[in-house]
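Engineer: What follows is coords_9.cif; its format and atoms are mmCIF, C-alpha atoms and all ligand atoms.
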data_query
#
loop_
_atom_site.label_atom_id
_atom_site.label_comp_id
_atom_site.auth_asym_id
_atom_site.auth_seq_id
_atom_site.Cartn_x
_atom_site.Cartn_y
_atom_site.Cartn_z
CA MET L 1140 103.19 66.90 117.67
CA LEU L 1141 104.98 68.77 114.92
CA LEU L 1142 103.05 72.02 115.34
CA SER L 1143 100.67 73.17 118.04
CA GLU L 1144 97.04 73.20 116.89
CA LYS L 1145 97.10 76.99 116.80
CA GLU L 1146 100.24 77.06 114.66
CA ARG L 1147 98.85 74.38 112.36
CA GLU L 1148 95.57 76.25 111.86
CA ARG L 1149 97.39 79.47 111.06
CA LYS L 1150 99.72 77.74 108.59
CA GLU L 1151 96.81 75.96 106.94
CA ALA L 1152 94.90 79.23 106.52
CA ILE L 1153 97.92 80.89 104.88
CA LEU L 1154 98.56 77.93 102.57
CA LYS L 1155 94.89 77.88 101.50
CA VAL L 1156 95.09 81.58 100.64
CA GLY L 1157 98.31 80.91 98.70
CA SER L 1158 96.65 78.14 96.74
CA GLN L 1159 93.71 80.42 95.87
CA VAL L 1160 96.13 83.16 94.79
CA ILE L 1161 97.82 80.79 92.31
CA GLY L 1162 94.44 79.60 90.99
CA ALA L 1163 93.15 83.15 90.59
CA CYS L 1164 96.29 84.24 88.68
CA ARG L 1165 95.94 81.26 86.31
CA GLU L 1166 92.24 81.93 85.81
CA PHE L 1167 92.77 85.62 85.06
CA LEU L 1168 95.63 85.01 82.62
CA ALA L 1169 93.79 82.21 80.80
CA GLY L 1170 90.95 84.70 80.24
CA GLU L 1171 93.47 87.15 78.77
CA GLY L 1172 94.77 84.58 76.27
CA PHE L 1173 98.05 83.73 78.01
CA VAL L 1174 99.90 80.43 77.54
CA GLU L 1175 101.51 78.95 80.65
CA LEU L 1176 105.10 77.75 80.25
CA LEU L 1177 106.78 75.26 82.54
CA PRO L 1178 109.57 77.00 84.43
CA VAL L 1179 113.25 76.97 83.54
CA ILE L 1180 115.37 75.89 86.52
CA VAL L 1181 118.88 75.72 84.98
CA ALA L 1182 120.26 77.64 82.00
CA PRO L 1183 123.60 78.72 80.54
CA LEU L 1184 122.66 82.34 81.33
CA THR L 1185 120.36 84.09 83.75
CA ASP L 1186 119.39 87.54 85.01
CA PRO L 1187 122.57 89.44 86.01
CA LEU L 1188 120.61 91.45 88.64
CA ARG L 1189 121.92 94.86 89.64
CA HIS L 1190 122.58 94.12 93.33
CA HIS L 1191 125.17 91.66 94.59
CA THR L 1192 123.89 88.09 94.60
CA ASP L 1193 126.25 85.10 94.90
CA ARG L 1194 126.36 82.90 91.85
CA ALA L 1195 124.58 79.56 91.99
CA VAL L 1196 126.17 77.42 89.30
CA ILE L 1197 126.22 73.68 88.73
CA GLU L 1198 128.31 71.72 86.27
CA ALA L 1199 126.80 69.09 84.03
CA TYR L 1200 127.68 67.57 80.66
CA GLY L 1201 130.82 69.68 80.39
CA GLY L 1202 128.82 72.92 80.70
CA ARG L 1203 128.14 75.45 83.48
CA TRP L 1204 124.51 76.04 84.32
CA HIS L 1205 123.06 78.88 86.40
CA LEU L 1206 120.11 78.28 88.69
CA THR L 1207 117.46 80.73 87.50
CA ARG L 1208 117.46 84.19 89.08
CA SER L 1209 114.66 85.21 86.74
CA MET L 1210 113.37 83.91 83.42
CA ILE L 1211 113.77 87.30 81.74
CA PHE L 1212 115.74 86.14 78.67
CA HIS L 1213 113.60 83.02 78.24
CA LYS L 1214 110.51 85.23 78.34
CA GLN L 1215 111.96 87.46 75.60
CA PHE L 1216 112.53 84.42 73.41
CA ALA L 1217 109.21 82.76 74.34
CA VAL L 1218 107.12 85.63 72.96
CA SER L 1219 108.59 84.90 69.52
CA VAL L 1220 106.54 81.67 69.73
CA CYS L 1221 103.38 82.72 71.64
CA GLU L 1222 102.25 86.33 71.91
CA ARG L 1223 101.45 86.16 75.65
CA ILE L 1224 103.20 83.86 78.10
CA PHE L 1225 103.56 83.36 81.83
CA SER L 1226 105.24 80.96 84.20
CA PHE L 1227 105.27 80.38 87.94
CA SER L 1228 109.02 80.56 88.02
CA PRO L 1229 111.11 79.40 91.00
CA ASN L 1230 114.08 81.73 91.45
CA ILE L 1231 117.27 81.21 93.45
CA ARG L 1232 119.04 84.38 94.61
CA ILE L 1233 121.76 83.97 97.21
CA GLU L 1234 121.26 87.36 98.87
CA PRO L 1235 123.34 88.77 101.78
CA PRO L 1236 122.59 86.90 105.07
CA ASP L 1237 121.21 90.01 106.83
CA TRP L 1238 118.44 90.27 104.20
CA GLY L 1239 116.73 87.56 106.22
CA GLU L 1240 115.62 90.38 108.51
CA THR L 1241 113.93 92.58 105.91
CA GLY L 1242 110.74 90.51 106.10
CA ARG L 1243 110.60 90.65 102.27
CA HIS L 1244 113.34 88.27 101.12
CA LEU L 1245 113.57 84.55 100.57
CA TRP L 1246 116.51 83.14 98.66
CA GLU L 1247 114.23 80.62 96.97
CA PHE L 1248 110.94 82.19 95.91
CA VAL L 1249 108.41 81.98 93.08
CA GLN L 1250 107.49 84.81 90.80
CA LEU L 1251 104.64 84.87 88.36
CA ASP L 1252 106.69 86.06 85.42
CA LEU L 1253 104.82 87.19 82.30
CA GLU L 1254 105.66 88.80 78.98
CA VAL L 1255 103.67 90.17 76.03
CA ARG L 1256 104.99 90.58 72.49
CA ASP L 1257 104.77 94.10 70.99
CA ALA L 1258 103.34 95.51 74.23
CA SER L 1259 104.06 98.91 75.74
CA ARG L 1260 104.72 99.66 79.40
CA GLU L 1261 101.24 101.21 79.61
CA GLU L 1262 99.63 97.97 78.43
CA VAL L 1263 101.40 95.77 80.96
CA MET L 1264 100.75 98.27 83.78
CA ASP L 1265 97.05 98.11 82.93
CA LEU L 1266 97.28 94.30 82.92
CA GLY L 1267 99.11 94.30 86.27
CA GLU L 1268 96.43 96.45 87.90
CA ARG L 1269 93.62 94.26 86.60
CA LEU L 1270 95.45 91.09 87.66
CA LEU L 1271 96.01 92.36 91.20
CA VAL L 1272 92.42 93.59 91.64
CA TYR L 1273 91.08 90.28 90.26
CA VAL L 1274 93.20 88.21 92.63
CA LEU L 1275 92.32 90.35 95.67
CA GLU L 1276 88.61 90.18 94.90
CA ARG L 1277 88.68 86.44 94.28
CA VAL L 1278 90.63 85.68 97.44
CA LYS L 1279 88.55 88.04 99.56
CA ASP L 1280 85.52 86.17 98.37
CA SER L 1281 86.75 82.56 98.53
CA CYS L 1282 88.93 82.86 101.66
CA SER L 1283 86.77 85.02 103.92
CA GLU L 1284 87.07 82.49 106.77
CA GLU L 1285 90.84 82.26 106.47
CA LEU L 1286 91.21 86.04 106.31
CA SER L 1287 89.07 86.58 109.38
CA PHE L 1288 91.04 83.86 111.22
CA LEU L 1289 94.20 85.81 110.29
CA GLU L 1290 92.43 89.02 111.39
CA ARG L 1291 93.12 90.61 108.04
CA GLU L 1292 90.84 93.28 106.60
CA LEU L 1293 91.66 93.50 102.92
CA GLY L 1294 90.75 96.58 100.90
CA ILE L 1295 90.28 96.43 97.12
CA PRO L 1296 92.26 99.28 95.52
CA GLU L 1297 90.69 101.58 92.98
CA ARG L 1298 92.11 101.77 89.47
CA PRO L 1299 94.06 103.40 87.95
CA PHE L 1300 96.72 103.23 90.67
CA PRO L 1301 98.65 106.47 91.30
CA ARG L 1302 102.18 106.89 89.96
CA ILE L 1303 105.37 108.54 91.14
CA THR L 1304 108.69 108.78 89.30
CA TYR L 1305 111.90 107.46 90.82
CA THR L 1306 113.27 111.03 90.95
CA GLU L 1307 110.19 112.43 92.71
CA ALA L 1308 110.22 109.52 95.17
CA ARG L 1309 113.87 110.11 96.08
CA ARG L 1310 113.30 113.84 96.42
CA SER L 1311 110.31 113.35 98.73
CA TYR L 1312 111.43 110.34 100.77
CA GLY L 1313 115.26 110.26 100.56
CA GLU L 1314 117.59 107.34 99.95
CA ASP L 1315 115.37 104.68 101.56
CA PHE L 1316 112.34 105.85 99.61
CA GLU L 1317 110.77 102.47 98.86
CA GLU L 1318 110.13 101.68 102.50
CA ALA L 1319 108.93 105.22 103.33
CA LEU L 1320 106.68 105.39 100.27
CA SER L 1321 105.18 102.00 101.04
CA ARG L 1322 104.39 103.09 104.62
CA GLU L 1323 102.76 106.32 103.56
CA VAL L 1324 100.48 105.35 100.66
CA GLU L 1325 96.88 104.21 101.11
CA GLY L 1326 96.91 101.72 98.25
CA PRO L 1327 99.35 100.27 95.67
CA ILE L 1328 101.42 102.88 93.82
CA TRP L 1329 103.53 102.66 90.65
CA LEU L 1330 107.14 103.73 90.82
CA ILE L 1331 108.21 104.56 87.25
CA ASP L 1332 111.09 105.94 85.16
CA PHE L 1333 114.14 104.48 86.88
CA PRO L 1334 117.49 106.00 85.86
CA ILE L 1335 119.50 103.76 83.54
CA ASP L 1336 122.33 103.01 85.96
CA VAL L 1337 120.20 101.55 88.77
CA ARG L 1338 118.52 98.78 86.74
CA GLU L 1339 119.47 95.76 84.69
CA PHE L 1340 120.51 96.18 81.05
CA TYR L 1341 117.40 94.53 79.62
CA ASP L 1342 114.96 97.30 80.67
CA ARG L 1343 114.46 99.56 77.67
CA GLU L 1344 115.84 103.10 77.60
CA ASP L 1345 113.23 105.66 76.54
CA PRO L 1346 114.37 106.85 73.10
CA GLU L 1347 112.83 110.28 73.84
CA ARG L 1348 114.40 110.67 77.29
CA PRO L 1349 117.94 109.29 77.25
CA GLY L 1350 119.04 107.92 80.61
CA ILE L 1351 115.45 107.12 81.70
CA LEU L 1352 113.99 103.62 81.45
CA LEU L 1353 110.52 102.55 80.34
CA ASP L 1354 110.14 100.38 83.42
CA MET L 1355 108.20 100.22 86.68
CA ASP L 1356 107.80 98.68 90.10
CA LEU L 1357 104.53 98.37 91.94
CA ILE L 1358 104.73 99.16 95.67
CA TYR L 1359 102.28 97.74 98.21
CA PRO L 1360 100.86 99.98 100.96
CA GLU L 1361 101.26 99.39 104.73
CA GLY L 1362 105.03 99.02 104.47
CA TYR L 1363 104.93 95.72 102.53
CA GLY L 1364 107.30 97.13 99.88
CA GLU L 1365 107.84 95.98 96.31
CA ALA L 1366 105.16 93.81 94.72
CA LEU L 1367 106.14 93.68 91.08
CA SER L 1368 108.92 94.75 88.75
CA GLY L 1369 109.06 94.99 84.98
CA GLY L 1370 109.12 97.17 81.89
CA GLU L 1371 109.66 97.31 78.16
CA ARG L 1372 112.73 95.41 76.96
CA GLU L 1373 115.82 96.11 74.93
CA HIS L 1374 115.56 93.68 72.02
CA LEU L 1375 117.91 95.08 69.38
CA PRO L 1376 121.40 93.50 69.37
CA GLU L 1377 123.30 96.79 69.18
CA ARG L 1378 121.33 98.24 72.11
CA ILE L 1379 121.83 95.10 74.24
CA ARG L 1380 125.55 95.05 73.42
CA GLU L 1381 125.94 98.72 74.35
CA ARG L 1382 124.03 98.35 77.64
CA ILE L 1383 126.12 95.28 78.57
CA ARG L 1384 129.30 97.26 77.81
CA VAL L 1385 128.29 100.31 79.89
CA GLN L 1386 127.41 98.09 82.86
CA GLY L 1387 130.87 96.48 82.66
CA LEU L 1388 129.45 92.98 82.16
CA ASP L 1389 131.21 90.28 80.15
CA PRO L 1390 129.55 90.06 76.69
CA GLU L 1391 130.79 86.48 76.44
CA GLN L 1392 128.35 85.50 79.22
CA TYR L 1393 125.45 86.81 77.16
CA ARG L 1394 126.60 85.26 73.87
CA GLY L 1395 123.43 83.16 73.69
CA LEU L 1396 121.17 86.19 74.19
CA LEU L 1397 123.10 88.26 71.64
CA ALA L 1398 122.87 85.43 69.09
CA LEU L 1399 119.07 85.35 69.52
CA ALA L 1400 118.88 89.14 69.26
CA GLU L 1401 120.88 89.03 65.99
CA ARG L 1402 118.28 86.63 64.63
CA GLY L 1403 115.46 88.97 65.77
CA LEU L 1404 114.04 89.03 69.29
CA PRO L 1405 110.60 90.64 69.17
CA PRO L 1406 109.87 93.86 71.08
CA SER L 1407 108.05 93.05 74.31
CA ALA L 1408 107.11 94.18 77.80
CA GLY L 1409 106.32 92.25 80.94
CA PHE L 1410 106.79 91.93 84.67
CA GLY L 1411 107.23 89.52 87.52
CA ILE L 1412 105.14 89.51 90.69
CA GLY L 1413 106.44 87.70 93.76
CA ILE L 1414 103.91 85.11 94.90
CA GLU L 1415 105.08 84.83 98.53
CA ARG L 1416 105.05 88.64 98.84
CA LEU L 1417 101.55 88.76 97.42
CA VAL L 1418 100.41 86.15 99.96
CA ARG L 1419 102.21 88.10 102.70
CA TYR L 1420 100.33 91.25 101.73
CA ILE L 1421 96.95 89.54 101.41
CA CYS L 1422 97.31 87.75 104.75
CA GLY L 1423 99.03 90.67 106.53
CA LEU L 1424 102.07 88.56 107.54
CA GLU L 1425 105.07 89.81 109.51
CA HIS L 1426 107.62 87.91 107.37
CA VAL L 1427 107.38 86.52 103.84
CA ALA L 1428 108.74 83.21 105.21
CA GLU L 1429 105.30 82.58 106.71
CA ALA L 1430 103.90 82.28 103.19
CA ARG L 1431 105.91 79.07 102.57
CA LEU L 1432 105.86 75.70 104.26
CA PHE L 1433 109.57 75.23 103.54
CA PRO L 1434 110.94 78.78 103.53
CA ARG L 1435 114.51 79.55 102.50
CA VAL L 1436 115.45 82.60 104.56
CA PRO L 1437 118.78 84.32 103.78
CA GLY L 1438 121.35 83.52 106.46
CA GLU L 1439 119.33 80.66 108.00
CA LEU L 1440 119.64 76.88 107.75
CA SER L 1441 116.67 74.54 107.55
CA PRO L 1442 116.10 71.03 108.93
CA ILE L 1443 114.13 69.97 105.82
N1 LIG L 1501 110.70 89.46 86.41
C1 LIG L 1501 111.36 90.73 86.24
C2 LIG L 1501 110.92 91.35 84.93
O1 LIG L 1501 110.09 90.79 84.24
C3 LIG L 1501 112.84 90.60 86.27
C4 LIG L 1501 113.37 90.19 87.62
O2 LIG L 1501 112.80 89.41 88.33
N2 LIG L 1501 114.53 90.69 87.97
O3 LIG L 1501 111.37 92.43 84.62
#
Let me see the structure of the file written as structure tokens.
Ligand code: ASN
Structural biologist:
Amino acid sequence: MLLSEKERERKEAILKVGSQVIGACREFLAGEGFVELLPVIVAPLTDPLRHHTDRAVIEAYGGRWHLTRSMIFHKQFAVSVCERIFSFSPNIRIEPPDWGETGRHLWEFVQLDLEVRDASREEVMDLGERLLVYVLERVKDSCSEELSFLERELGIPERPFPRITYTEARRSYGEDFEEALSREVEGPIWLIDFPIDVREFYDREDPERPGILLDMDLIYPEGYGEALSGGEREHLPERIRERIRVQGLDPEQYRGLLALAERGLPPSAGFGIGIERLVRYICGLEHVAEARLFPRVPGELSPI
């Protein structure tokens, strides 16, 4: 026997919840007029990310191709075609091996990545809240048996969700504020206004508050940590060039993005929400790896 009956039943319950989560996201976004894009797996450029992540590059046809860390730049281009887009985007991020123990990291995961042309941060925060509440309600309803098998009591948060700025969070909870904040709050909370040097260059600087970004994370309660990350985007070529320069990145690597920006990337805002983390939260799982049948845990090998 591959799994004991108890293990099999537990895995099946989690996978059924995961499947309902994906269906509920699609249903909600279709109702909001979104177009689903097929994901990009390899591209000449990808998200630089602000923390250290080993590069995952393959060579083909005389070119170097990055495995997608996030579809951020493709989303910025895509909204020049359709006003509202999303994709269930597989991401590869070769994180440090000890991140396998955080309970929150997989080095292959899927994020529901969405973007809206001409939107403000407020608009996508509103959308994010409605999406989360819709999914929780749907799953609570359609997976009541699975949730009771997993002994999970799921509350539906009230909107609007509270907010805290990055600066306030650090002042109140210290360096490791995300974890502490997530343990203390009763429901999801927005973390907003990150300082410019802690985030990637594509999050838009607030023109009225230099050094502060128009971005946000959503933090789950009960210690489950970050749910979602996003913001308004830098879309003007001179702004992108300047942010790349200040972060000490090689502009040559972002030649393709800069060429698109010169031709006119539209203003936009969006976010990505980790699907395995959402399933972990809904099911009350110890480790995000439990949300996948074939998990890729940093620092661990896999037989299949
Ligand atoms: N998906 C995120 C965003 O939309 C980017 C990321 O995953 N790093 O901002």
Engineer: Need to verify the contact set: region 1250-1256 of chain L, 6 Å, only C-alpha atoms, exclusion of same-chain residues closer than 4 positions in sequence. Can you return it as a list of chain:residue names?
Structural biologist: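 Answer for this query is L:Val1218, L:Glu1222, L:Arg1223, L:Ile1224, L:Phe1225, L:Ser1226, L:Phe1227, L:Ser1228, L:Ser1407, L:Ala1408, L:Gly1409, L:Phe1410, L:Gly1411, L:Ile1412, L:Gly1413, L:Ile1414.
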Engineer: Would you mind listing the residues within 10 Å of ligand LIG 1501 (chain L), counting all atoms listed in the file, as an MDAnalysis selection string?
Structural biologist: chainID L and resid 1185:1189 1207:1212 1214:1215 1228 1230 1249:1254 1338:1339 1341:1342 1354:1356 1367:1372 1408:1413
Engineer: When you look at Arg1378 (chain L) with a cut-off of 10 Å (counting all atoms listed in the file), what residues show up, excluding the ones that are within fewer than 2 positions of it in the same chain? I need them as number ranges by chain.
Structural biologist: L: 1340-1341, 1343-1344, 1373-1376, 1380-1384, 1400
Engineer: Nearest to Glu1318 (chain L): which of L:Glu1361, L:Glu1377, L:Glu1285, L:Glu1240 is it, counting all atoms listed in the file?
Structural biologist: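 Among the listed residues, the smallest separation from Glu1318 (chain L) belongs to L:Glu1361.
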Engineer: So which one's closest to Val1263 (chain L), L:Pro1229, L:Ala1199, L:Trp1204, L:Leu1353? Using all atoms listed in the file, please.
Structural biologist: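 Closest residue, counting all atoms listed in the file: L:Leu1353.
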Engineer: Please identify all polymer residues within 10 Å of Tyr1420 (chain L), counting all atoms listed in the file, omitting same-chain residues fewer than 2 positions from it, and present them as a PDB file with C-alpha atoms, in the coordinates of the input.
Structural biologist:
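Final file, around16.pdb:
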ATOM      1  CA  ARG L1291      93.120  90.610 108.040  1.00  0.00           C
ATOM      2  CA  LEU L1293      91.660  93.500 102.920  1.00  0.00           C
ATOM      3  CA  TYR L1359     102.280  97.740  98.210  1.00  0.00           C
ATOM      4  CA  PRO L1360     100.860  99.980 100.960  1.00  0.00           C
ATOM      5  CA  GLU L1361     101.260  99.390 104.730  1.00  0.00           C
ATOM      6  CA  GLY L1362     105.030  99.020 104.470  1.00  0.00           C
ATOM      7  CA  TYR L1363     104.930  95.720 102.530  1.00  0.00           C
ATOM      8  CA  GLY L1364     107.300  97.130  99.880  1.00  0.00           C
ATOM      9  CA  ALA L1366     105.160  93.810  94.720  1.00  0.00           C
ATOM     10  CA  ILE L1414     103.910  85.110  94.900  1.00  0.00           C
ATOM     11  CA  GLU L1415     105.080  84.830  98.530  1.00  0.00           C
ATOM     12  CA  ARG L1416     105.050  88.640  98.840  1.00  0.00           C
ATOM     13  CA  LEU L1417     101.550  88.760  97.420  1.00  0.00           C
ATOM     14  CA  VAL L1418     100.410  86.150  99.960  1.00  0.00           C
ATOM     15  CA  CYS L1422      97.310  87.750 104.750  1.00  0.00           C
ATOM     16  CA  GLY L1423      99.030  90.670 106.530  1.00  0.00           C
ATOM     17  CA  LEU L1424     102.070  88.560 107.540  1.00  0.00           C
ATOM     18  CA  GLU L1425     105.070  89.810 109.510  1.00  0.00           C
ATOM     19  CA  HIS L1426     107.620  87.910 107.370  1.00  0.00           C
ATOM     20  CA  VAL L1427     107.380  86.520 103.840  1.00  0.00           C
ATOM     21  CA  ALA L1430     103.900  82.280 103.190  1.00  0.00           C
TER      22      ALA L1430
END
Engineer: In Å, how far is it from CA of Leu1404 (chain L) to CA of Asp1257 (chain L)?
Structural biologist: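 Rounded to one decimal, the two atoms are 10.7 Å apart.
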Engineer: Which is closest to Arg1277 (chain L) among L:Glu1171, L:Asp1332, L:Asp1237, L:Glu1166, if we use only C-alpha atoms?
Structural biologist: L:Glu1166
Engineer: Rank L:Val1160, L:Leu1154, L:Val1274, L:Val1220 by their smallest atom-to-atom distance to Val1174 (chain L), using all atoms listed in the file, and report the top residue only.
Structural biologist: L:Val1220
Engineer: Name the closest residue to Ile1233 (chain L) among the candidates L:Glu1439, L:Glu1391, L:Glu1323, L:Asp1265; distances are taken between atoms, counting all atoms listed in the file.
Structural biologist: L:Glu1439
Engineer: For the atom pair CA of Ser1311 (chain L) and CA of Trp1238 (chain L), what is the interatomic distance in Å to one decimal place?
Structural biologist: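 For CA of Ser1311 (chain L) relative to CA of Trp1238 (chain L), the distance reads 25.1 Å.
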Engineer: Starting from the sparse input, extend region 1155-1164 of chain L to all heavy atoms and give the output as a CSV table (one decimal), keeping the file's coordinate frame.
Structural biologist:
chain,number,residue,atom,x,y,z
L,1155,LYS,N,96.1,77.9,102.3
L,1155,LYS,CA,94.9,77.9,101.5
L,1155,LYS,C,94.8,79.2,100.7
L,1155,LYS,O,94.4,79.2,99.5
L,1155,LYS,CB,93.7,77.7,102.4
L,1155,LYS,CG,93.4,76.3,102.8
L,1155,LYS,CD,92.1,76.1,103.5
L,1155,LYS,CE,91.8,74.7,103.8
L,1155,LYS,NZ,90.7,74.5,104.7
L,1156,VAL,N,95.1,80.3,101.4
L,1156,VAL,CA,95.1,81.6,100.6
L,1156,VAL,C,96.1,81.5,99.5
L,1156,VAL,O,95.8,81.9,98.3
L,1156,VAL,CB,95.4,82.8,101.6
L,1156,VAL,CG1,95.6,84.0,100.8
L,1156,VAL,CG2,94.3,83.0,102.6
L,1157,GLY,N,97.3,81.0,99.7
L,1157,GLY,CA,98.3,80.9,98.7
L,1157,GLY,C,97.8,80.1,97.5
L,1157,GLY,O,98.0,80.5,96.3
L,1158,SER,N,97.2,79.0,97.8
L,1158,SER,CA,96.6,78.1,96.7
L,1158,SER,C,95.6,78.9,95.9
L,1158,SER,O,95.6,78.8,94.7
L,1158,SER,CB,96.1,76.9,97.4
L,1158,SER,OG,95.5,76.0,96.5
L,1159,GLN,N,94.7,79.6,96.6
L,1159,GLN,CA,93.7,80.4,95.9
L,1159,GLN,C,94.3,81.5,95.0
L,1159,GLN,O,93.9,81.8,93.9
L,1159,GLN,CB,92.7,81.1,96.9
L,1159,GLN,CG,91.8,80.1,97.5
L,1159,GLN,CD,90.8,79.5,96.6
L,1159,GLN,OE1,90.2,80.2,95.8
L,1159,GLN,NE2,90.7,78.2,96.6
L,1160,VAL,N,95.4,82.1,95.5
L,1160,VAL,CA,96.1,83.2,94.8
L,1160,VAL,C,96.6,82.6,93.5
L,1160,VAL,O,96.4,83.2,92.4
L,1160,VAL,CB,97.3,83.7,95.6
L,1160,VAL,CG1,98.3,84.5,94.8
L,1160,VAL,CG2,96.8,84.6,96.8
L,1161,ILE,N,97.3,81.4,93.5
L,1161,ILE,CA,97.8,80.8,92.3
L,1161,ILE,C,96.7,80.5,91.3
L,1161,ILE,O,96.8,80.8,90.1
L,1161,ILE,CB,98.6,79.5,92.7
L,1161,ILE,CG1,99.8,79.9,93.5
L,1161,ILE,CG2,99.0,78.7,91.5
L,1161,ILE,CD1,100.5,78.7,94.2
L,1162,GLY,N,95.6,79.9,91.9
L,1162,GLY,CA,94.4,79.6,91.0
L,1162,GLY,C,93.9,80.8,90.3
L,1162,GLY,O,93.5,80.8,89.1
L,1163,ALA,N,93.7,81.9,91.1
L,1163,ALA,CA,93.2,83.2,90.6
L,1163,ALA,C,94.0,83.8,89.5
L,1163,ALA,O,93.6,84.3,88.5
L,1163,ALA,CB,92.9,84.2,91.7
L,1164,CYS,N,95.4,83.7,89.7
L,1164,CYS,CA,96.3,84.2,88.7
L,1164,CYS,C,96.1,83.5,87.4
L,1164,CYS,O,96.0,84.0,86.3
L,1164,CYS,CB,97.7,84.1,89.1
L,1164,CYS,SG,98.2,85.2,90.5
